[in-house]
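start06.cif, holding mmCIF, C-alpha atoms:
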data_final
loop_
_atom_site.label_atom_id
_atom_site.label_comp_id
_atom_site.auth_asym_id
_atom_site.auth_seq_id
_atom_site.Cartn_x
_atom_site.Cartn_y
_atom_site.Cartn_z
CA MET R 137 -15.24 38.48 -12.10
CA GLU R 138 -18.52 37.21 -13.54
CA MET R 139 -19.12 37.91 -17.19
CA LYS R 140 -22.59 38.98 -18.34
CA ILE R 141 -24.09 37.38 -21.44
CA ASN R 142 -27.34 38.78 -22.77
CA ASP R 143 -30.38 36.56 -23.15
CA GLU R 144 -30.19 36.51 -26.94
CA SER R 145 -26.61 35.25 -26.90
CA VAL R 146 -27.49 32.65 -24.27
CA HIS R 147 -30.33 31.41 -26.47
CA LYS R 148 -28.04 31.13 -29.51
CA ILE R 149 -25.33 29.33 -27.56
CA MET R 150 -27.71 26.84 -25.92
CA GLY R 151 -29.47 26.17 -29.21
CA HIS R 152 -26.32 25.16 -31.06
CA LYS R 153 -25.61 21.46 -31.55
CA VAL R 154 -22.10 21.81 -30.15
CA PHE R 155 -23.52 23.07 -26.85
CA LYS R 156 -26.17 20.33 -26.86
CA ASN R 157 -23.62 17.60 -27.53
CA ALA R 158 -21.34 18.96 -24.81
CA SER R 159 -24.24 18.97 -22.34
CA VAL R 160 -25.09 15.36 -23.16
CA LYS R 161 -21.45 14.42 -22.55
CA ILE R 162 -21.42 16.12 -19.15
CA ALA R 163 -24.76 14.60 -18.15
CA GLY R 164 -23.61 11.11 -19.09
CA GLN R 165 -20.21 11.48 -17.46
CA PHE R 166 -21.57 12.52 -14.07
CA ASN R 167 -24.99 10.88 -14.14
CA ILE R 168 -26.92 14.15 -13.78
CA SER R 169 -29.96 15.50 -15.59
CA LEU R 170 -29.51 17.16 -18.96
CA ASP R 171 -30.93 20.41 -17.58
CA GLU R 172 -28.36 20.39 -14.79
CA ALA R 173 -25.58 19.68 -17.29
CA LYS R 174 -26.73 22.59 -19.48
CA ALA R 175 -26.81 24.90 -16.46
CA ASN R 176 -23.31 23.86 -15.40
CA LEU R 177 -21.94 24.35 -18.90
CA MET R 178 -23.61 27.73 -19.31
CA TYR R 179 -22.22 28.83 -15.94
CA GLU R 180 -18.71 27.78 -17.00
CA ILE R 181 -19.08 29.68 -20.28
CA ALA R 182 -20.46 32.79 -18.57
CA ASN R 183 -17.67 32.95 -16.01
CA HIS R 184 -14.64 31.90 -18.00
CA ARG R 185 -15.22 32.24 -21.73
CA GLY R 186 -15.10 35.92 -22.65
CA VAL R 187 -14.96 35.09 -26.34
CA LEU R 188 -18.64 34.06 -26.09
CA GLN R 189 -19.84 37.30 -24.52
CA VAL R 190 -20.97 38.64 -27.90
CA VAL R 191 -22.52 36.16 -30.32
CA GLY R 192 -23.53 37.05 -33.86
CA ASP R 193 -26.10 35.36 -36.06
CA GLU R 194 -23.75 32.39 -36.39
CA LEU R 195 -21.23 31.24 -33.81
CA THR R 196 -17.70 31.35 -35.16
CA ALA R 197 -15.44 28.30 -35.20
CA HIS R 198 -13.40 29.93 -32.44
CA GLN R 199 -16.51 30.39 -30.28
CA LEU R 200 -17.60 26.79 -30.87
CA ALA R 201 -14.15 25.62 -29.84
CA HIS R 202 -14.52 27.55 -26.59
CA ILE R 203 -17.77 25.75 -25.83
CA ASN R 204 -15.88 22.47 -26.07
CA TYR R 205 -13.11 23.99 -24.01
CA ALA R 206 -15.63 24.91 -21.28
CA LYS R 207 -16.93 21.34 -21.37
CA LYS R 208 -13.42 20.00 -20.84
CA ASP R 209 -12.86 22.45 -17.99
CA ILE R 210 -15.87 20.93 -16.24
CA LEU R 211 -14.76 17.37 -16.86
CA ARG R 212 -11.22 18.16 -15.72
CA SER R 213 -12.24 20.08 -12.57
CA VAL R 214 -14.52 17.31 -11.36
CA TYR R 215 -11.88 14.70 -12.12
CA ASN R 216 -9.24 16.62 -10.15
CA GLN R 217 -11.60 16.91 -7.20
CA ASN R 218 -12.23 13.16 -7.28
CA VAL R 219 -8.51 12.40 -7.46
CA LYS R 220 -7.86 14.44 -4.33
CA GLU R 221 -10.37 12.28 -2.46
CA GLN R 222 -8.67 8.98 -3.31
CA GLU R 223 -7.03 7.03 -0.50
CA LEU R 224 -3.95 4.85 -0.39
CA PHE R 225 -5.68 1.79 1.04
CA MET R 226 -9.03 2.13 -0.73
CA PRO R 227 -10.12 -0.49 -3.26
CA ALA R 228 -9.65 0.48 -6.88
CA GLU R 229 -13.21 0.53 -8.18
CA SER R 230 -12.25 2.16 -11.45
CA ASP R 231 -9.18 2.99 -13.50
CA ASP R 232 -9.16 6.47 -11.94
CA VAL R 233 -8.30 5.17 -8.47
CA ASN R 234 -4.66 5.55 -7.59
CA LEU R 235 -2.45 4.45 -4.75
CA ILE R 236 -0.53 7.59 -4.05
CA ASP R 237 -2.98 10.37 -3.10
CA LEU R 238 -2.92 10.04 0.68
CA ASN R 239 -6.07 11.69 2.02
CA PHE R 240 -7.35 9.28 4.66
CA ASP R 241 -10.77 9.34 6.29
CA ASP R 242 -12.46 5.95 6.07
CA ILE R 243 -10.21 2.93 5.77
CA ASN R 244 -11.57 0.05 3.72
CA ILE R 245 -9.36 -2.26 1.70
CA THR R 246 -11.61 -5.32 1.67
CA ASN R 247 -11.66 -5.52 -2.11
CA HIS R 248 -8.09 -5.00 -3.27
CA VAL R 249 -8.22 -4.85 -7.07
CA SER R 250 -6.41 -3.35 -10.04
CA PHE R 251 -3.99 -0.97 -8.39
CA SER R 252 -1.46 -0.04 -11.04
CA LYS R 253 1.66 -2.20 -10.82
CA GLY R 254 3.77 0.87 -11.40
CA GLU R 255 2.08 2.78 -8.59
CA ILE R 256 2.51 -0.12 -6.18
CA GLU R 257 6.19 -0.40 -7.08
CA ARG R 258 6.76 3.33 -6.60
CA VAL R 259 5.01 3.32 -3.22
CA ILE R 260 6.96 0.29 -2.04
CA ALA R 261 10.22 1.95 -3.05
CA VAL R 262 9.67 4.86 -0.64
CA LEU R 263 8.19 2.92 2.29
CA PRO R 264 11.59 2.65 4.04
CA MET R 265 11.74 6.46 4.07
CA ILE R 266 8.36 6.65 5.80
CA TYR R 267 8.10 3.69 8.17
CA GLU R 268 10.33 1.88 10.62
CA LYS R 269 12.11 -1.17 9.26
CA ARG R 270 9.90 -3.81 10.88
CA ALA R 271 6.69 -2.30 9.50
CA VAL R 272 7.78 -2.18 5.86
CA PRO R 273 7.37 -5.91 5.00
CA LYS R 274 3.87 -5.90 6.47
CA ILE R 275 2.80 -2.87 4.46
CA VAL R 276 4.38 -4.29 1.30
CA GLU R 277 2.38 -7.50 1.76
CA LEU R 278 -0.84 -5.59 2.42
CA LEU R 279 -0.42 -3.42 -0.68
CA THR R 280 0.48 -6.42 -2.82
CA VAL R 281 -2.21 -8.93 -1.84
CA GLY R 282 -4.98 -6.79 -0.30
CA GLU R 283 -6.80 -7.06 3.01
CA ASN R 284 -8.60 -10.37 2.45
CA GLN R 285 -5.45 -12.32 1.62
CA TYR R 286 -3.43 -10.48 4.24
CA ARG R 287 -5.95 -11.46 6.93
CA GLU R 288 -5.85 -15.08 5.74
CA ASN R 289 -2.06 -15.01 5.90
CA HIS R 290 -2.15 -13.72 9.48
CA PRO R 291 -5.05 -15.36 11.35
CA GLU R 292 -3.29 -14.53 14.62
CA ILE R 293 -4.10 -10.84 14.15
CA ALA R 294 -7.53 -9.92 15.51
CA GLN R 295 -9.67 -7.57 13.41
CA LYS R 296 -9.51 -4.81 16.02
CA ASP R 297 -5.72 -5.09 16.15
CA PHE R 298 -5.51 -4.99 12.36
CA ASN R 299 -7.67 -1.85 12.26
CA ARG R 300 -5.57 -0.22 14.99
CA GLN R 301 -2.37 -1.04 13.12
CA LEU R 302 -3.74 0.27 9.84
CA LYS R 303 -4.80 3.55 11.42
CA ARG R 304 -1.34 3.95 12.93
CA TRP R 305 0.27 3.49 9.51
CA VAL R 306 -2.12 6.06 8.07
CA ALA R 307 -1.34 8.54 10.84
CA ILE R 308 2.40 8.16 10.22
CA ALA R 309 1.95 8.79 6.48
CA ASN R 310 -0.01 11.95 7.24
CA LYS R 311 2.57 13.56 9.50
CA PRO R 312 3.58 16.87 7.86
CA ALA R 313 7.20 15.88 7.23
CA LYS R 314 6.19 12.49 5.76
CA ARG R 315 3.41 14.09 3.75
CA GLU R 316 5.85 16.57 2.22
CA LEU R 317 8.26 13.77 1.34
CA ILE R 318 5.51 11.71 -0.32
CA ASP R 319 4.25 14.69 -2.31
CA ASN R 320 7.76 15.43 -3.56
CA VAL R 321 8.83 11.94 -4.63
CA LEU R 322 5.66 10.05 -5.59
CA PHE R 323 3.52 10.55 -8.65
CA THR R 324 0.38 8.78 -9.79
CA ASP R 325 0.26 7.18 -13.23
CA LYS R 326 -1.91 10.06 -14.41
CA GLU R 327 0.50 12.63 -13.01
CA LEU R 328 3.40 10.97 -14.84
CA ILE R 329 1.42 11.03 -18.09
CA GLU R 330 0.61 14.70 -17.48
CA LYS R 331 4.28 15.43 -16.86
CA LYS R 332 5.31 13.62 -20.05
CA ASN R 333 2.70 15.48 -22.10
CA ARG R 334 3.84 18.81 -20.72
CA GLN R 335 7.39 17.94 -21.70
CA LEU R 336 6.20 17.08 -25.21
CA ALA R 337 4.36 20.40 -25.44
CA GLN R 338 7.41 22.31 -24.27
CA SER R 339 9.61 20.51 -26.80
CA PHE R 340 7.23 21.63 -29.55
CA LEU R 341 7.37 25.25 -28.40
CA ASP R 342 11.16 25.02 -28.25
CA MET R 343 11.19 23.82 -31.86
CA VAL R 344 9.06 26.79 -32.89
CA GLU R 345 11.35 29.18 -31.04
CA GLN R 346 14.45 27.67 -32.67
CA ASP R 347 12.97 27.56 -36.19
CA THR R 348 13.54 23.81 -36.41
CA ASP R 349 13.32 21.93 -39.72
CA LYS R 350 9.86 20.66 -40.70
CA GLU R 351 10.85 16.98 -40.41
CA TRP R 352 11.12 17.40 -36.66
CA PHE R 353 7.58 18.77 -36.53
CA ASP R 354 6.41 15.79 -38.61
CA THR R 355 7.95 13.43 -36.06
CA TRP R 356 6.43 15.33 -33.15
CA PHE R 357 2.91 15.18 -34.61
CA LYS R 358 3.30 11.42 -35.09
CA ILE R 359 4.35 11.02 -31.46
CA ILE R 360 1.25 12.82 -30.13
CA GLU R 361 -1.16 11.14 -32.55
CA ASP R 362 -4.25 9.99 -30.60
CA ASN R 363 -2.94 11.74 -27.46
CA GLU R 364 -6.06 13.29 -25.91
CA TRP R 365 -4.05 15.78 -23.86
CA PHE R 366 -3.47 17.84 -27.01
CA ASP R 367 -7.10 17.77 -28.14
CA GLU R 368 -7.77 21.15 -26.55
CA ALA R 369 -5.14 22.78 -28.73
CA PHE R 370 -6.48 21.07 -31.85
CA ASP R 371 -10.00 22.32 -31.00
CA PHE R 372 -8.92 25.78 -32.11
CA ILE R 373 -7.55 24.71 -35.49
CA LYS R 374 -9.59 25.30 -38.63
CA ASN R 375 -7.82 22.66 -40.71
CA PRO R 376 -5.74 20.30 -38.49
CA LYS R 377 -4.83 17.96 -41.35
CA ASN R 378 -3.42 20.81 -43.42
CA MET R 379 -1.49 22.20 -40.45
CA VAL R 380 0.06 18.83 -39.58
CA GLU R 381 1.00 17.94 -43.14
CA HIS R 382 2.11 21.43 -44.24
CA TRP R 383 3.46 23.06 -41.09
CA ASP R 384 4.30 26.71 -41.82
CA MET R 385 4.21 26.03 -45.59
CA ASN R 386 0.98 27.82 -46.55
CA THR R 387 -1.18 30.66 -45.25
CA GLN R 388 -3.81 28.52 -43.52
CA ALA R 389 -1.18 26.28 -41.94
CA ARG R 390 0.55 29.36 -40.53
CA LYS R 391 -2.72 30.76 -39.14
CA ASP R 392 -3.61 27.43 -37.55
CA GLY R 393 -0.06 27.03 -36.31
CA TYR R 394 -0.29 30.37 -34.53
CA GLU R 395 -3.50 29.29 -32.76
CA PHE R 396 -2.01 25.91 -31.93
CA VAL R 397 1.08 27.46 -30.35
CA LYS R 398 -1.06 29.92 -28.40
CA GLU R 399 -3.23 27.14 -26.95
CA LEU R 400 -0.22 24.98 -26.08
CA ASN R 401 1.14 27.92 -24.13
CA TYR R 402 -2.21 28.19 -22.37
CA LEU R 403 -2.18 24.49 -21.48
CA LEU R 404 1.32 24.75 -20.07
CA ASN R 405 0.49 27.76 -17.93
CA GLU R 406 -2.98 26.93 -16.64
#

Output the structure of this file as structure tokens.
Amino acid sequence: MEMKINDESVHKIMGHKVFKNASVKIAGQFNISLDEAKANLMYEIANHRGVLQVVGDELTAHQLAHINYAKKDILRSVYNQNVKEQELFMPAESDDVNLIDLNFDDINITNHVSFSKGEIERVIAVLPMIYEKRAVPKIVELLTVGENQYRENHPEIAQKDFNRQLKRWVAIANKPAKRELIDNVLFTDKELIEKKNRQLAQSFLDMVEQDTDKEWFDTWFKIIEDNEWFDEAFDFIKNPKNMVEHWDMNTQARKDGYEFVKELNYLLNE
């Protein structure tokens, strides 16, 4: 359901430096105009950020945090869409390319570069569950050295035969039963990091539930130091340093701790 924000509130939101900085970030990230970035951010705020429906003379810290949260929603949604479009045999043109999302349309592995070693190893490990025995060594070689070197290693294979073979491998991987198997047992590097971070978040919530000693919280905060996954939760904290150093030991730390726990729960359930 679309949320309505009056023109005065829109003007206040768009005039704030936090909104402007967020718009610049979006524009730079996706190479779009600043006006388009502002429109996208305002749309995200209007549709998903009820806390910004009513804006006073000054935006509250909580409202400013939600502007940053809306920005991250945009960055995350576009990233997820891009990840879904990655292909197993496509060249890795950036660190975001992975080897495991198997959505095949165009096949082009001319420039085999920088696939994660871990991803390659995980894919190779499940190949025997997907392909017949004689095909596995060929696919392992192709994934390991790339098309150029593979073609040099096998000059007896004509280009049209190579393309036909590659398309057959792709078709096998996309059979429903194989696709289900791959989805269940393979994870990209980013998915593994996401899984680990979710486990860390859950361990924190478990400590809160069990009224664990403060030293365990101290250790947990050290573990997630510089971990960007938790930035969204910290965005809602008035005094992060005080909360980390004095967890549940003073009034402000308790207030911030409550907000932190609430946002961790949101992250785990979104």

Given the file shown, enumerate the residues that the PyMOL selection byres ((chain R and resi 265) around 12) captures and present them as an mmCIF file with C-alpha atoms, in the coordinates of the input.
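Everything below was put into part.cif:
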data_model
loop_
_atom_site.group_PDB
_atom_site.id
_atom_site.type_symbol
_atom_site.label_atom_id
_atom_site.label_comp_id
_atom_site.auth_asym_id
_atom_site.auth_seq_id
_atom_site.Cartn_x
_atom_site.Cartn_y
_atom_site.Cartn_z
ATOM 1 C CA VAL R 259 5.010 3.320 -3.220
ATOM 2 C CA ILE R 260 6.960 0.290 -2.040
ATOM 3 C CA ALA R 261 10.220 1.950 -3.050
ATOM 4 C CA VAL R 262 9.670 4.860 -0.640
ATOM 5 C CA LEU R 263 8.190 2.920 2.290
ATOM 6 C CA PRO R 264 11.590 2.650 4.040
ATOM 7 C CA ILE R 266 8.360 6.650 5.800
ATOM 8 C CA TYR R 267 8.100 3.690 8.170
ATOM 9 C CA GLU R 268 10.330 1.880 10.620
ATOM 10 C CA LYS R 269 12.110 -1.170 9.260
ATOM 11 C CA ALA R 271 6.690 -2.300 9.500
ATOM 12 C CA VAL R 272 7.780 -2.180 5.860
ATOM 13 C CA ILE R 308 2.400 8.160 10.220
ATOM 14 C CA ALA R 309 1.950 8.790 6.480
ATOM 15 C CA ALA R 313 7.200 15.880 7.230
ATOM 16 C CA LYS R 314 6.190 12.490 5.760
ATOM 17 C CA ARG R 315 3.410 14.090 3.750
ATOM 18 C CA GLU R 316 5.850 16.570 2.220
ATOM 19 C CA LEU R 317 8.260 13.770 1.340
ATOM 20 C CA ILE R 318 5.510 11.710 -0.320
ATOM 21 C CA VAL R 321 8.830 11.940 -4.630
ATOM 22 C CA LEU R 322 5.660 10.050 -5.590
#

Problem set entry | Residue neighbourhood Tyr205 of chain R, 9 Å, all atoms listed in the file, exclusion window fewer than 5 positions, as a ChimeraX atom specification | /R:185,200,210,368,371

For those residues, write C-alpha atoms to a file as a tab-separated table (two decimals), in the frame of the given file.
chain	number	residue	atom	x	y	z
R	185	ARG	CA	-15.22	32.24	-21.73
R	200	LEU	CA	-17.60	26.79	-30.87
R	210	ILE	CA	-15.87	20.93	-16.24
R	368	GLU	CA	-7.77	21.15	-26.55
R	371	ASP	CA	-10.00	22.32	-31.00

Problem set entry | Distance of atom CA of Leu341 of chain R from atom CA of Ile329 of chain R, expressed in Å to one decimal place |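 Computing it gives 18.5 Å between the two atoms.
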
Exercise. At what distance in Å, to one decimal, does atom CA of Phe357 of chain R lie from atom CA of Asn204 of chain R?
Worked result: 21.9 Å

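Interatomic distance, atom CA of His290 of chain R to atom CA of Arg270 of chain R: 15.7 Å.
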
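Taking all atoms listed in the file into account, Leu170 of chain R lies nearest to R:Asn157 out of the set R:Gln346, R:Asn378, R:Asn157, R:Ser145.
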
Residues near segment 160-166 of chain R, anyone? I mean within 10 Å using all atoms listed in the file, not counting same-chain ones fewer than 4 positions away, as a tab-separated table (two decimals) with C-alpha atoms, in the coordinates of the input.
chain	number	residue	atom	x	y	z
R	154	VAL	CA	-22.10	21.81	-30.15
R	155	PHE	CA	-23.52	23.07	-26.85
R	156	LYS	CA	-26.17	20.33	-26.86
R	170	LEU	CA	-29.51	17.16	-18.96
R	171	ASP	CA	-30.93	20.41	-17.58
R	172	GLU	CA	-28.36	20.39	-14.79
R	173	ALA	CA	-25.58	19.68	-17.29
R	174	LYS	CA	-26.73	22.59	-19.48
R	176	ASN	CA	-23.31	23.86	-15.40
R	177	LEU	CA	-21.94	24.35	-18.90
R	207	LYS	CA	-16.93	21.34	-21.37
R	208	LYS	CA	-13.42	20.00	-20.84
R	210	ILE	CA	-15.87	20.93	-16.24
R	211	LEU	CA	-14.76	17.37	-16.86
R	214	VAL	CA	-14.52	17.31	-11.36

Problem set entry | Residue neighbourhood Ala175 of chain R, 10 Å, all atoms listed in the file, exclusion window fewer than 6 positions, as a list of chain:residue names | R:Met150, R:Ser159, R:Ser169, R:Ile181

Write a file of the just-selected residues containing C-alpha atoms, as an mmCIF file, keeping the file's coordinate frame.
data_model
loop_
_atom_site.group_PDB
_atom_site.id
_atom_site.type_symbol
_atom_site.label_atom_id
_atom_site.label_comp_id
_atom_site.auth_asym_id
_atom_site.auth_seq_id
_atom_site.Cartn_x
_atom_site.Cartn_y
_atom_site.Cartn_z
ATOM 1 C CA MET R 150 -27.710 26.840 -25.920
ATOM 2 C CA SER R 159 -24.240 18.970 -22.340
ATOM 3 C CA SER R 169 -29.960 15.500 -15.590
ATOM 4 C CA ILE R 181 -19.080 29.680 -20.280
#
